[in-house]
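Peer 1: My questions will all concern the structure given below.
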Amino acid sequence: MRIIALAGGVGGAKLAHGLAQILSPQELTVIVNTGDDFEHYGLYICPDLDTVCYTLAGLANPETGWGRVNETWNAIKSAAALGGIDWFNLGDKDLGTHLERTRRLKAGDSLSQITSDFCKAWGVQHAVLPMSDQPVRTIVATDEGELAFQEYFVHRRCAPKVTGFRFEGADEAKPAARAQEALQSADAIVICPSNPWVSIDPIRNVISIPAGKPVVAVSPIIGGEAIKGPAAKMYRELGIEPSALAIANHYHGTITHFVIDRLDAPLLESINALNMQTLATNTFMANHMDRKRTASEVLHFIGASV
Ligand code: FO1
């Protein structure tokens, strides 16, 4: 069964990792959000692509989920000592990724090709694709005006009150060629438990999820709170009570199946009324075994024979 997983940051990478432990490289392709990408110190940084690749490669920092494990911070510290910007923590190993990606982009290589070559170098066998090879930028509208995503998320620590989002470049950006092909030939699509507003919606603004095949989402909100990140705060600030039901409404019309945590089982009835099959199970992924178990339950739920 050919599965496409749509993923953003840390939460999405965990389920993608679980799926990669079960499905072969021929069965799983991961399409990743690039709306968080930005230029910093003249380097082109792709946080979600790197988070997914590092996670699948076993190179990710287990504490943060992003950046590299066993990292050192000499370069950013010496830049900061000279008055440089250090609110975005660039580790020394991670810097190597940004240096080489920036060099290759300047040489005219596509983000898809670069990511594919990096995955080979990191020992990642599954296909990890950017949603587009053209730039898309998530802009967060707040009560302090518009902020670029990393400015909002890291520098301001998600403090400003969110009033909306826009995805600069999404109208012009074409889906990455291999991503569109993979979607067309996919038997099912898994929307990983990433932030719907800033990790999954940018992908949906660039790539049209084909109808007529199972599309299953895993709720990133458990018991009214996000596991990690500002998803629940964003819902609240947009006047929506954060819950698995809010996620079901967010994806209503796109998904055919929805997986929520058993903590949210009381919401099953109201979610089922949205005309989607719903499964309540343990979706909290604390370790690699949890990732594989959750992935296996998601696949069985959509009838994938694994
Ligand atoms: N997130 C932070 O909260 N603080 C950081 O200093 C930080 C640095 C960083 C460096 C490389 C990278 O790939 C990701 C990094 N992130 C950091 C996470 C990143 O902002 C988010 O993971 C995504 O943009 C949203 O998922």
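Residues are referred to by chain and number: the chain letter is A, B, ... according to the order shown in the structure tokens, the number counts from 1 in that chain, and ligands are numbered separately from 1 in the order shown.
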Using only C-alpha atoms and all ligand atoms, find each protein or nucleic acid residue lying at most 6 Å from ligand 1; present the set as a ChimeraX atom specification.
Peer 2: /A:9-10,36,47-48,50-51,66-67,87-90,150,154
Peer 1: Determine which residues of stretch 198-236 of chain A DSSP labels as helix (DSSP H, G or I) from the backbone of this structure, then write them out as a list of chain:residue names.
Peer 2: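 Filtering stretch 198-236 of chain A down to helix (DSSP H, G or I) leaves A:Val198, A:Ser199, A:Ile200, A:Asp201, A:Pro202, A:Ile203, A:Arg204, A:Asn205, A:Val206, A:Ala231, A:Ala232, A:Lys233, A:Met234, A:Tyr235, A:Arg236.
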Peer 1: With C-alpha atoms kept, could you save the residues just selected as a PDB file, in the first residue's frame?
Peer 2:
```pdb
ATOM      1  CA  VAL A 198       1.102  26.564  10.332  1.00  0.00           C
ATOM      2  CA  SER A 199       2.312  23.086   9.380  1.00  0.00           C
ATOM      3  CA  ILE A 200      -0.507  21.370   7.471  1.00  0.00           C
ATOM      4  CA  ASP A 201      -2.451  24.300   5.982  1.00  0.00           C
ATOM      5  CA  PRO A 202       0.619  25.614   4.083  1.00  0.00           C
ATOM      6  CA  ILE A 203       0.898  22.162   2.472  1.00  0.00           C
ATOM      7  CA  ARG A 204      -2.831  22.151   1.657  1.00  0.00           C
ATOM      8  CA  ASN A 205      -2.487  25.592   0.078  1.00  0.00           C
ATOM      9  CA  VAL A 206       0.120  24.309  -2.350  1.00  0.00           C
ATOM     10  CA  ALA A 231      -1.697  25.075  18.256  1.00  0.00           C
ATOM     11  CA  ALA A 232      -4.129  25.283  21.205  1.00  0.00           C
ATOM     12  CA  LYS A 233      -3.178  28.929  21.902  1.00  0.00           C
ATOM     13  CA  MET A 234      -3.789  29.776  18.246  1.00  0.00           C
ATOM     14  CA  TYR A 235      -7.246  28.198  18.299  1.00  0.00           C
ATOM     15  CA  ARG A 236      -8.142  30.096  21.486  1.00  0.00           C
TER      16      ARG A 236
END
```
Peer 1: Compile the contact shell of A:Ala295 as a list of chain:residue names: residues with an atom at most 7 Å away, counting only C-alpha atoms, same-chain residues fewer than 3 positions apart removed.
Peer 2: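 These residues fall inside the cut-off: A:Leu15, A:Gly18, A:Leu19, A:Arg291, A:Lys292, A:Val298, A:Leu299.
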Peer 1: Just the selected residues (C-alpha atoms), exported as a short mmCIF file (atom, residue, chain, number, x, y, z; two decimals), in the first residue's frame, please.
Peer 2:
```
data_model
loop_
_atom_site.label_atom_id
_atom_site.label_comp_id
_atom_site.auth_asym_id
_atom_site.auth_seq_id
_atom_site.Cartn_x
_atom_site.Cartn_y
_atom_site.Cartn_z
CA LEU A 15 4.49 9.80 13.38
CA GLY A 18 6.67 5.46 13.25
CA LEU A 19 5.37 4.92 9.71
CA ARG A 291 5.63 6.01 17.40
CA LYS A 292 5.55 2.57 15.78
CA VAL A 298 -3.40 4.38 12.06
CA LEU A 299 -2.55 2.07 9.16
#
```
Peer 1: Work out how far apart atom CA of A:Val190 and atom CA of A:Glu269 are and give it in Å to one decimal.
Peer 2: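 So the two atoms, atom CA of A:Val190 and atom CA of A:Glu269, lie 22.2 Å apart.
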Peer 1: According to DSSP computed on the backbone, where in stretch 91-279 of chain A is there strand (DSSP E or B)? Give the residues as a ChimeraX atom specification.
Peer 2: /A:127-130,132,137-143,145-148,162-168,175,188-191,215-218,221-222,225-226,257-261,277-279
Peer 1: Please produce an output containing N, CA and C atoms for each residue in the selection, written as a tab-separated table (two decimals), in the first residue's frame.
Peer 2:
```tsv
chain	number	residue	atom	x	y	z
A	127	ALA	N	11.50	8.44	0.99
A	127	ALA	CA	11.51	9.71	0.25
A	127	ALA	C	10.94	10.81	1.13
A	128	VAL	N	11.73	11.84	1.35
A	128	VAL	CA	11.26	13.04	2.07
A	128	VAL	C	11.28	14.18	1.06
A	129	LEU	N	10.10	14.76	0.83
A	129	LEU	CA	9.98	15.77	-0.23
A	129	LEU	C	9.46	17.09	0.33
A	130	PRO	N	10.00	18.21	-0.13
A	130	PRO	CA	9.39	19.49	0.23
A	130	PRO	C	8.04	19.60	-0.48
A	132	SER	N	7.00	22.08	-2.00
A	132	SER	CA	7.25	22.81	-3.26
A	132	SER	C	8.74	23.13	-3.36
A	137	ARG	N	6.15	31.26	2.36
A	137	ARG	CA	6.50	31.75	3.70
A	137	ARG	C	5.22	31.93	4.52
A	138	THR	N	5.16	31.28	5.67
A	138	THR	CA	4.02	31.48	6.56
A	138	THR	C	4.20	32.81	7.27
A	139	ILE	N	3.21	33.67	7.13
A	139	ILE	CA	3.21	34.97	7.81
A	139	ILE	C	2.10	34.94	8.86
A	140	VAL	N	2.46	35.25	10.09
A	140	VAL	CA	1.49	35.20	11.18
A	140	VAL	C	0.99	36.60	11.46
A	141	ALA	N	-0.34	36.80	11.27
A	141	ALA	CA	-0.94	38.10	11.59
A	141	ALA	C	-1.22	38.11	13.10
A	142	THR	N	-0.74	39.16	13.79
A	142	THR	CA	-0.92	39.22	15.25
A	142	THR	C	-1.41	40.62	15.64
A	143	ASP	N	-1.72	40.77	16.93
A	143	ASP	CA	-2.17	42.08	17.42
A	143	ASP	C	-1.02	43.10	17.39
A	145	GLY	N	0.82	43.25	14.52
A	145	GLY	CA	1.13	43.29	13.09
A	145	GLY	C	1.62	41.94	12.59
A	146	GLU	N	2.03	41.89	11.33
A	146	GLU	CA	2.45	40.62	10.73
A	146	GLU	C	3.87	40.28	11.15
A	147	LEU	N	4.09	38.98	11.43
A	147	LEU	CA	5.42	38.50	11.80
A	147	LEU	C	5.78	37.32	10.92
A	148	ALA	N	7.04	37.25	10.49
A	148	ALA	CA	7.51	36.05	9.79
A	148	ALA	C	7.47	34.91	10.81
A	162	VAL	N	-2.54	35.85	18.03
A	162	VAL	CA	-2.71	35.54	16.60
A	162	VAL	C	-4.08	35.97	16.11
A	163	THR	N	-4.10	36.61	14.94
A	163	THR	CA	-5.40	36.97	14.34
A	163	THR	C	-5.59	36.30	12.97
A	164	GLY	N	-4.54	35.70	12.45
A	164	GLY	CA	-4.70	35.01	11.15
A	164	GLY	C	-3.35	34.61	10.57
A	165	PHE	N	-3.43	33.95	9.41
A	165	PHE	CA	-2.20	33.46	8.75
A	165	PHE	C	-2.33	33.73	7.25
A	166	ARG	N	-1.17	33.91	6.62
A	166	ARG	CA	-1.20	33.86	5.16
A	166	ARG	C	0.08	33.18	4.70
A	167	PHE	N	0.01	32.62	3.51
A	167	PHE	CA	1.16	31.83	3.02
A	167	PHE	C	1.68	32.49	1.76
A	168	GLU	N	2.66	33.37	2.01
A	168	GLU	CA	3.23	34.16	0.91
A	168	GLU	C	3.88	33.23	-0.11
A	175	PRO	N	3.40	22.44	-6.69
A	175	PRO	CA	3.80	21.29	-5.88
A	175	PRO	C	5.11	20.73	-6.44
A	188	ALA	N	-3.39	5.95	0.10
A	188	ALA	CA	-3.98	6.66	1.24
A	188	ALA	C	-3.02	7.77	1.68
A	189	ILE	N	-3.61	8.76	2.40
A	189	ILE	CA	-2.84	9.90	2.88
A	189	ILE	C	-2.97	9.99	4.40
A	190	VAL	N	-1.85	10.21	5.06
A	190	VAL	CA	-1.87	10.38	6.52
A	190	VAL	C	-1.47	11.82	6.84
A	191	ILE	N	-2.36	12.54	7.50
A	191	ILE	CA	-2.02	13.90	7.97
A	191	ILE	C	-1.48	13.73	9.40
A	215	VAL	N	-8.16	9.44	3.63
A	215	VAL	CA	-7.29	10.48	4.18
A	215	VAL	C	-7.52	10.47	5.68
A	216	VAL	N	-6.49	10.08	6.44
A	216	VAL	CA	-6.63	9.98	7.89
A	216	VAL	C	-5.76	11.02	8.57
A	217	ALA	N	-6.36	11.73	9.52
A	217	ALA	CA	-5.58	12.70	10.31
A	217	ALA	C	-5.47	12.19	11.74
A	218	VAL	N	-4.35	12.51	12.37
A	218	VAL	CA	-4.17	12.21	13.79
A	218	VAL	C	-4.19	13.55	14.52
A	221	ILE	N	-4.04	17.66	19.10
A	221	ILE	CA	-4.52	18.18	20.37
A	221	ILE	C	-5.13	17.04	21.18
A	222	ILE	N	-4.65	16.91	22.41
A	222	ILE	CA	-5.15	15.86	23.32
A	222	ILE	C	-5.66	16.57	24.58
A	225	GLU	N	-5.26	20.37	24.84
A	225	GLU	CA	-3.93	21.01	24.77
A	225	GLU	C	-3.10	20.40	23.65
A	226	ALA	N	-2.19	21.18	23.11
A	226	ALA	CA	-1.26	20.63	22.10
A	226	ALA	C	-0.13	19.92	22.85
A	257	HIS	N	-11.07	9.73	7.73
A	257	HIS	CA	-10.82	9.04	9.00
A	257	HIS	C	-10.10	10.01	9.95
A	258	PHE	N	-10.35	9.83	11.24
A	258	PHE	CA	-9.75	10.74	12.23
A	258	PHE	C	-9.37	9.92	13.45
A	259	VAL	N	-8.12	10.11	13.92
A	259	VAL	CA	-7.64	9.38	15.10
A	259	VAL	C	-7.43	10.37	16.24
A	260	ILE	N	-8.13	10.11	17.35
A	260	ILE	CA	-8.01	11.00	18.51
A	260	ILE	C	-7.47	10.20	19.68
A	261	ASP	N	-7.04	10.91	20.72
A	261	ASP	CA	-6.55	10.18	21.88
A	261	ASP	C	-7.74	9.67	22.71
A	277	GLN	N	-14.98	8.55	9.89
A	277	GLN	CA	-14.77	7.42	10.80
A	277	GLN	C	-13.73	7.84	11.85
A	278	THR	N	-14.00	7.55	13.08
A	278	THR	CA	-13.11	8.04	14.14
A	278	THR	C	-12.64	6.89	15.02
A	279	LEU	N	-11.37	6.95	15.39
A	279	LEU	CA	-10.77	5.95	16.28
A	279	LEU	C	-10.18	6.68	17.49
```
Peer 1: From the list A:Ile240, A:Ile22, A:Leu183, A:Leu245, which residue is nearest A:Glu297 when using only C-alpha atoms?
Peer 2: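 Ranking A:Ile240, A:Ile22, A:Leu183, A:Leu245 by distance to A:Glu297, first place goes to A:Ile22.
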Peer 1: Measuring between only C-alpha atoms, which one of A:Ile255, A:Ile45, A:Met289, A:Leu105 shows the shortest distance to A:Ile302?
Peer 2: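 Once distances to A:Ile302 are computed over only C-alpha atoms, the minimum belongs to A:Ile255.
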Peer 1: Applying 10 Å and only C-alpha atoms, which residues near A:Trp73 remain after dropping the ones on its own chain fewer than 6 positions away? List them as a PyMOL selection string.
Peer 2: chain A and resi 89-95
Peer 1: Go ahead and save the picked residues with all heavy atoms, as a short mmCIF file (atom, residue, chain, number, x, y, z; two decimals), in the first residue's frame.
Peer 2:
```
data_model
loop_
_atom_site.label_atom_id
_atom_site.label_comp_id
_atom_site.auth_asym_id
_atom_site.auth_seq_id
_atom_site.Cartn_x
_atom_site.Cartn_y
_atom_site.Cartn_z
N ASN A 89 18.81 29.24 17.70
CA ASN A 89 20.01 28.46 18.06
C ASN A 89 20.47 27.56 16.93
O ASN A 89 19.84 26.53 16.66
CB ASN A 89 19.69 27.60 19.29
CG ASN A 89 19.63 28.47 20.53
OD1 ASN A 89 20.50 29.33 20.70
ND2 ASN A 89 18.62 28.31 21.35
N LEU A 90 21.53 27.94 16.28
CA LEU A 90 22.08 27.14 15.18
C LEU A 90 23.26 26.35 15.72
O LEU A 90 24.29 26.92 16.07
CB LEU A 90 22.53 28.07 14.05
CG LEU A 90 21.38 28.74 13.29
CD1 LEU A 90 21.91 29.81 12.37
CD2 LEU A 90 20.60 27.68 12.51
N GLY A 91 23.10 25.03 15.81
CA GLY A 91 24.19 24.17 16.29
C GLY A 91 25.27 24.01 15.21
O GLY A 91 24.99 24.21 14.02
N ASP A 92 26.45 23.61 15.65
CA ASP A 92 27.58 23.50 14.71
C ASP A 92 27.32 22.44 13.64
O ASP A 92 27.55 22.66 12.45
CB ASP A 92 28.87 23.16 15.48
CG ASP A 92 29.24 24.31 16.43
OD1 ASP A 92 29.00 25.48 16.07
OD2 ASP A 92 29.73 24.03 17.55
N LYS A 93 26.82 21.26 14.04
CA LYS A 93 26.54 20.22 13.03
C LYS A 93 25.40 20.68 12.11
O LYS A 93 25.45 20.52 10.89
CB LYS A 93 26.13 18.91 13.71
CG LYS A 93 27.22 18.21 14.50
CD LYS A 93 26.75 16.82 14.91
CE LYS A 93 27.77 16.13 15.80
NZ LYS A 93 27.68 16.62 17.20
N ASP A 94 24.40 21.29 12.71
CA ASP A 94 23.23 21.75 11.96
C ASP A 94 23.66 22.82 10.95
O ASP A 94 23.18 22.86 9.82
CB ASP A 94 22.21 22.32 12.94
CG ASP A 94 20.84 22.51 12.32
OD1 ASP A 94 20.46 21.69 11.45
OD2 ASP A 94 20.16 23.49 12.68
N LEU A 95 24.64 23.62 11.34
CA LEU A 95 25.13 24.68 10.44
C LEU A 95 25.66 24.07 9.14
O LEU A 95 25.49 24.63 8.06
CB LEU A 95 26.26 25.45 11.13
CG LEU A 95 25.90 26.77 11.81
CD1 LEU A 95 27.14 27.39 12.39
CD2 LEU A 95 25.24 27.74 10.82
#
```
Peer 1: Hey, which of A:Cys119, A:Ile271, A:Ile4, A:Ala176 ends up closest to A:Thr256? Count only C-alpha atoms.
Peer 2: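 Among A:Cys119, A:Ile271, A:Ile4, A:Ala176, it is A:Ile271 that comes nearest to A:Thr256.
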Peer 1: With only C-alpha atoms as the atoms that count, which of A:His17, A:His98, A:Lys77, A:Arg103 lies nearest to A:Phe38?
Peer 2: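 So, comparing all the options, the nearest one is A:His98.
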Peer 1: Would you kindly return, as a list in words, each protein, DNA or RNA residue with an atom no farther than 9 Å from any atom of A:Asp86, considering only C-alpha atoms and excluding same-chain residues fewer than 6 positions away?
Peer 2: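 With the cut-off at 9 Å, the set is Ile76, Lys77, Ala79 and Ala80 of chain A.
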Peer 1: Have a look at atom CA of A:Tyr44 and atom CA of A:Thr102 and let me know their distance in Å, one decimal.
Peer 2: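 That distance, rounded to one decimal, is 5.4 Å.
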Peer 1: Which one is closest to A:His300: A:Pro214, A:Thr29, A:Phe149, A:Asp109? Count only C-alpha atoms.
Peer 2: A:Pro214
